[in-house]
>>> print(open('query-v3.cif').read())   # mmCIF, C-alpha atoms
data_target
loop_
_atom_site.label_atom_id
_atom_site.label_comp_id
_atom_site.auth_asym_id
_atom_site.auth_seq_id
_atom_site.Cartn_x
_atom_site.Cartn_y
_atom_site.Cartn_z
CA MET C 9 -38.85 197.96 -97.30
CA ILE C 10 -40.40 200.93 -95.55
CA THR C 11 -41.19 199.75 -92.03
CA ASP C 12 -44.32 200.45 -89.99
CA SER C 13 -42.28 202.87 -87.87
CA GLY C 14 -41.06 204.43 -91.13
CA LEU C 15 -44.65 205.03 -92.25
CA ASP C 16 -45.39 206.58 -88.85
CA HIS C 17 -42.35 208.80 -89.33
CA LEU C 18 -43.46 209.92 -92.81
CA ALA C 19 -46.90 210.82 -91.45
CA ASP C 20 -45.29 212.71 -88.54
CA GLN C 21 -43.17 214.79 -90.92
CA MET C 22 -46.34 216.09 -92.61
CA LEU C 23 -47.39 217.93 -89.45
CA ASP C 24 -46.80 221.65 -88.93
CA THR C 25 -44.62 220.77 -85.94
CA PRO C 26 -43.25 217.23 -86.36
CA VAL C 27 -42.47 215.33 -83.18
CA GLN C 28 -39.83 213.00 -84.62
CA ASN C 29 -36.35 214.03 -85.75
CA THR C 30 -35.47 213.85 -89.43
CA MET C 31 -33.46 210.92 -90.77
CA THR C 32 -29.77 211.44 -89.99
CA HIS C 33 -27.97 208.07 -89.90
CA MET C 34 -27.46 204.80 -91.74
CA ALA C 35 -26.70 201.52 -89.99
CA ILE C 36 -25.27 198.32 -91.44
CA GLY C 37 -25.39 194.85 -90.03
CA SER C 38 -24.87 191.15 -90.54
CA GLY C 39 -28.44 189.87 -90.12
CA ALA C 40 -29.92 187.85 -92.96
CA THR C 41 -33.55 187.52 -91.82
CA LEU C 42 -35.87 188.83 -94.54
CA GLU C 43 -37.30 192.32 -94.14
CA ASP C 44 -40.58 192.68 -92.28
CA ALA C 45 -42.77 195.76 -91.92
CA ALA C 46 -42.67 195.29 -88.13
CA ASP C 47 -38.85 195.61 -87.99
CA THR C 48 -37.67 198.38 -85.66
CA THR C 49 -33.94 197.55 -85.60
CA LEU C 50 -31.44 195.70 -87.71
CA VAL C 51 -31.11 192.04 -86.80
CA ALA C 52 -27.39 192.41 -86.01
CA GLU C 53 -26.21 196.03 -86.23
CA GLU C 54 -22.45 196.32 -86.75
CA ALA C 55 -22.04 200.10 -87.24
CA ARG C 56 -23.93 203.36 -87.62
CA VAL C 57 -22.71 206.60 -89.19
CA ALA C 58 -24.17 210.01 -89.98
CA LEU C 59 -25.52 210.42 -93.49
CA THR C 60 -23.13 212.25 -95.81
CA ILE C 61 -25.80 213.19 -98.36
CA LYS C 62 -29.57 213.63 -98.15
CA SER C 63 -31.30 214.86 -101.28
CA ARG C 64 -34.72 214.96 -102.87
CA ALA C 65 -35.79 215.33 -106.49
CA ASN C 66 -39.56 215.29 -106.90
CA ASN C 67 -40.73 212.01 -105.32
CA VAL C 68 -37.25 210.43 -105.03
CA VAL C 69 -35.24 210.71 -101.81
CA THR C 70 -31.58 209.66 -101.80
CA TYR C 71 -29.50 208.88 -98.71
CA VAL C 72 -25.74 208.26 -98.84
CA ALA C 73 -23.46 207.13 -96.01
CA ASP C 74 -19.72 206.46 -95.91
CA PHE C 75 -18.37 203.73 -93.63
CA PRO C 76 -14.61 204.33 -93.27
CA ALA C 77 -11.91 201.73 -92.74
CA GLY C 78 -12.31 200.07 -89.35
CA THR C 79 -16.05 200.83 -89.12
CA GLY C 80 -18.56 198.03 -89.67
CA ASP C 81 -16.06 195.47 -90.86
CA GLY C 82 -17.20 191.94 -91.68
CA ALA C 83 -19.89 190.27 -93.78
CA ILE C 84 -22.47 193.03 -94.30
CA THR C 85 -25.97 191.88 -95.33
CA GLU C 86 -28.43 194.55 -94.12
CA ALA C 87 -28.81 198.32 -93.92
CA ALA C 88 -31.30 200.84 -92.54
CA ILE C 89 -31.95 204.59 -92.38
CA LEU C 90 -32.62 205.97 -88.87
CA ASN C 91 -33.18 209.31 -87.16
CA ALA C 92 -30.63 209.01 -84.35
CA GLY C 93 -27.02 208.06 -83.66
CA SER C 94 -28.32 205.26 -81.41
CA ASN C 95 -31.78 203.71 -81.10
CA GLY C 96 -34.21 206.05 -82.90
CA ASP C 97 -36.93 205.42 -85.46
CA MET C 98 -36.08 203.16 -88.40
CA LEU C 99 -37.39 204.30 -91.78
CA ASN C 100 -36.50 201.19 -93.73
CA ARG C 101 -34.56 197.94 -93.72
CA ILE C 102 -32.98 196.20 -96.67
CA VAL C 103 -31.27 192.81 -96.90
CA PHE C 104 -28.78 192.07 -99.68
CA PRO C 105 -26.14 189.51 -100.69
CA VAL C 106 -22.99 189.54 -98.54
CA LYS C 107 -20.60 192.45 -99.04
CA ASN C 108 -17.36 191.61 -97.25
CA LYS C 109 -15.79 194.72 -95.73
CA GLY C 110 -12.21 194.27 -94.60
CA ALA C 111 -10.55 196.34 -91.85
CA THR C 112 -8.82 198.58 -94.41
CA ASP C 113 -11.85 198.90 -96.73
CA SER C 114 -14.21 201.84 -96.90
CA LEU C 115 -17.81 201.36 -98.01
CA GLN C 116 -20.28 203.85 -99.45
CA ILE C 117 -23.96 202.90 -99.53
CA THR C 118 -26.60 204.80 -101.47
CA GLN C 119 -30.27 204.16 -100.75
CA THR C 120 -32.86 205.65 -103.07
CA LEU C 121 -36.51 205.70 -102.00
CA THR C 122 -39.19 206.44 -104.56
CA LEU C 123 -42.59 207.47 -103.23
CA GLN C 124 -45.40 206.53 -105.59
CA ARG C 125 -49.11 206.03 -105.79
CA VAL C 126 -50.40 202.47 -105.59
#
>>> encode(input="query-v3.cif", output="structure tokens")
Amino acid sequence: MITDSGLDHLADQMLDTPVQNTMTHMAIGSGATLEDAADTTLVAEEARVALTIKSRANNVVTYVADFPAGTGDGAITEAAILNAGSNGDMLNRIVFPVKNKGATDSLQITQTLTLQRV
């Protein structure tokens, strides 16, 4: 779900001189509370890494992040795209069924956002 702060960010990026930084990081966490447009952080952030891929094709934006072994281990149930290595503006938040990440496991998450008319 695109959050209210994410909508503010999208509007900001349409300015000649945007105030907010572009999206640069993905965070994962263990919170299971359903997404809400008012969310500004993950419920229980476990780790945050820099995005490894950011791409756009027409109205589809794709973000990819790699969480190496020893980073964000545990029962992962939520993820978000943000514009800072800590704090920052949260573009979106998604909740999903548990993905157990062991200490020796690596995890790659791809988030694809499609902008469309409603």
>>> closest_residue(input="query-v3.cif", among="C:Leu59, C:Ala35, C:Leu23, C:Val68", to="C:Ser94", atoms="only C-alpha atoms")
C:Ala35
>>> closest_residue(input="query-v3.cif", among="C:His17, C:Lys107, C:Arg125, C:Arg101", to="C:Asp81", atoms="only C-alpha atoms")
C:Lys107
>>> resolve_selection(input="query-v3.cif", expression="the PyMOL selection byres ((chain C and resi 108-122) around 6)", output="list in words")
Asn67, Val68, Val69, Thr70, Tyr71, Val72, Ala73, Asp74, Phe75, Pro76, Ala77, Gly78, Asp81, Gly82, Ala83, Lys107 and Leu123 of chain C
>>> write_last_selection(input="query-v3.cif", atoms="C-alpha atoms", output="PDB file, keeping the file's coordinate frame")
ATOM      1  CA  ASN C  67     -40.730 212.010-105.320  1.00  0.00           C
ATOM      2  CA  VAL C  68     -37.250 210.430-105.030  1.00  0.00           C
ATOM      3  CA  VAL C  69     -35.240 210.710-101.810  1.00  0.00           C
ATOM      4  CA  THR C  70     -31.580 209.660-101.800  1.00  0.00           C
ATOM      5  CA  TYR C  71     -29.500 208.880 -98.710  1.00  0.00           C
ATOM      6  CA  VAL C  72     -25.740 208.260 -98.840  1.00  0.00           C
ATOM      7  CA  ALA C  73     -23.460 207.130 -96.010  1.00  0.00           C
ATOM      8  CA  ASP C  74     -19.720 206.460 -95.910  1.00  0.00           C
ATOM      9  CA  PHE C  75     -18.370 203.730 -93.630  1.00  0.00           C
ATOM     10  CA  PRO C  76     -14.610 204.330 -93.270  1.00  0.00           C
ATOM     11  CA  ALA C  77     -11.910 201.730 -92.740  1.00  0.00           C
ATOM     12  CA  GLY C  78     -12.310 200.070 -89.350  1.00  0.00           C
ATOM     13  CA  ASP C  81     -16.060 195.470 -90.860  1.00  0.00           C
ATOM     14  CA  GLY C  82     -17.200 191.940 -91.680  1.00  0.00           C
ATOM     15  CA  ALA C  83     -19.890 190.270 -93.780  1.00  0.00           C
ATOM     16  CA  LYS C 107     -20.600 192.450 -99.040  1.00  0.00           C
ATOM     17  CA  LEU C 123     -42.590 207.470-103.230  1.00  0.00           C
TER      18      LEU C 123
END
>>> atom_distance(input="query-v3.cif", atom1="atom CA of C:Gln124", atom2="atom CA of C:Asn29")
23.1 Å
>>> atom_distance(input="query-v3.cif", atom1="atom CA of C:Val106", atom2="atom CA of C:Thr85")
5.0 Å
>>> resolve_selection(input="query-v3.cif", expression="the PyMOL selection byres ((chain C and resi 39) around 9)", output="list of chain:residue names")
C:Gly37, C:Ser38, C:Ala40, C:Thr41, C:Leu42, C:Leu50, C:Val51, C:Ala52, C:Glu53, C:Ile84, C:Thr85, C:Glu86, C:Val103
>>> closest_residue(input="query-v3.cif", among="C:Ile89, C:Met9, C:Val126, C:Ile102", to="C:Thr32", atoms="all atoms listed in the file")
C:Ile89
>>> axis_aligned_box(input="query-v3.cif", around="stretch 70-87 of chain C", padding_each_side="8 Å", output="lines of an AutoDock Vina configuration file")
center_x = -21.7
center_y = 200.0
center_z = -95.5
size_x = 35.7
size_y = 35.4
size_z = 28.7
>>> resolve_selection(input="query-v3.cif", expression="the PyMOL selection byres ((chain C and resi 99) around 10)", output="JSON list (two decimals) with C-alpha atoms, in the frame of the given file")
[["chain", "number", "residue", "atom", "x", "y", "z"],
["C", 9, "MET", "CA", -38.85, 197.96, -97.30],
["C", 10, "ILE", "CA", -40.40, 200.93, -95.55],
["C", 11, "THR", "CA", -41.19, 199.75, -92.03],
["C", 12, "ASP", "CA", -44.32, 200.45, -89.99],
["C", 13, "SER", "CA", -42.28, 202.87, -87.87],
["C", 14, "GLY", "CA", -41.06, 204.43, -91.13],
["C", 15, "LEU", "CA", -44.65, 205.03, -92.25],
["C", 16, "ASP", "CA", -45.39, 206.58, -88.85],
["C", 17, "HIS", "CA", -42.35, 208.80, -89.33],
["C", 18, "LEU", "CA", -43.46, 209.92, -92.81],
["C", 31, "MET", "CA", -33.46, 210.92, -90.77],
["C", 34, "MET", "CA", -27.46, 204.80, -91.74],
["C", 47, "ASP", "CA", -38.85, 195.61, -87.99],
["C", 48, "THR", "CA", -37.67, 198.38, -85.66],
["C", 49, "THR", "CA", -33.94, 197.55, -85.60],
["C", 88, "ALA", "CA", -31.30, 200.84, -92.54],
["C", 89, "ILE", "CA", -31.95, 204.59, -92.38],
["C", 90, "LEU", "CA", -32.62, 205.97, -88.87],
["C", 91, "ASN", "CA", -33.18, 209.31, -87.16],
["C", 96, "GLY", "CA", -34.21, 206.05, -82.90],
["C", 97, "ASP", "CA", -36.93, 205.42, -85.46],
["C", 98, "MET", "CA", -36.08, 203.16, -88.40],
["C", 100, "ASN", "CA", -36.50, 201.19, -93.73],
["C", 101, "ARG", "CA", -34.56, 197.94, -93.72]]
>>> atom_distance(input="query-v3.cif", atom1="atom CA of C:Val57", atom2="atom CA of C:Asn95")
12.5 Å
>>> closest_residue(input="query-v3.cif", among="C:Asp44, C:Ala92, C:Asp20, C:Gln28", to="C:Arg56", atoms="only C-alpha atoms")
C:Ala92
>>> closest_residue(input="query-v3.cif", among="C:Ile36, C:Ile61, C:Ala45, C:Ala55", to="C:Phe104", atoms="all atoms listed in the file")
C:Ile36
>>> decode(input="query-v3.cif", residues="stretch 15-26 of chain C", atoms="C-alpha atoms", output="mmCIF file, in the first residue's frame")
data_model
loop_
_atom_site.group_PDB
_atom_site.id
_atom_site.type_symbol
_atom_site.label_atom_id
_atom_site.label_comp_id
_atom_site.auth_asym_id
_atom_site.auth_seq_id
_atom_site.Cartn_x
_atom_site.Cartn_y
_atom_site.Cartn_z
ATOM 1 C CA LEU C 15 1.777 10.131 -1.801
ATOM 2 C CA ASP C 16 3.340 13.307 -0.401
ATOM 3 C CA HIS C 17 6.705 12.066 -1.649
ATOM 4 C CA LEU C 18 5.367 11.361 -5.158
ATOM 5 C CA ALA C 19 3.889 14.864 -5.328
ATOM 6 C CA ASP C 20 7.185 16.349 -4.095
ATOM 7 C CA GLN C 21 9.140 14.564 -6.831
ATOM 8 C CA MET C 22 7.040 16.349 -9.490
ATOM 9 C CA LEU C 23 8.475 19.731 -8.496
ATOM 10 C CA ASP C 24 11.310 21.413 -10.399
ATOM 11 C CA THR C 25 13.389 21.242 -7.227
ATOM 12 C CA PRO C 26 12.119 18.392 -5.023
#
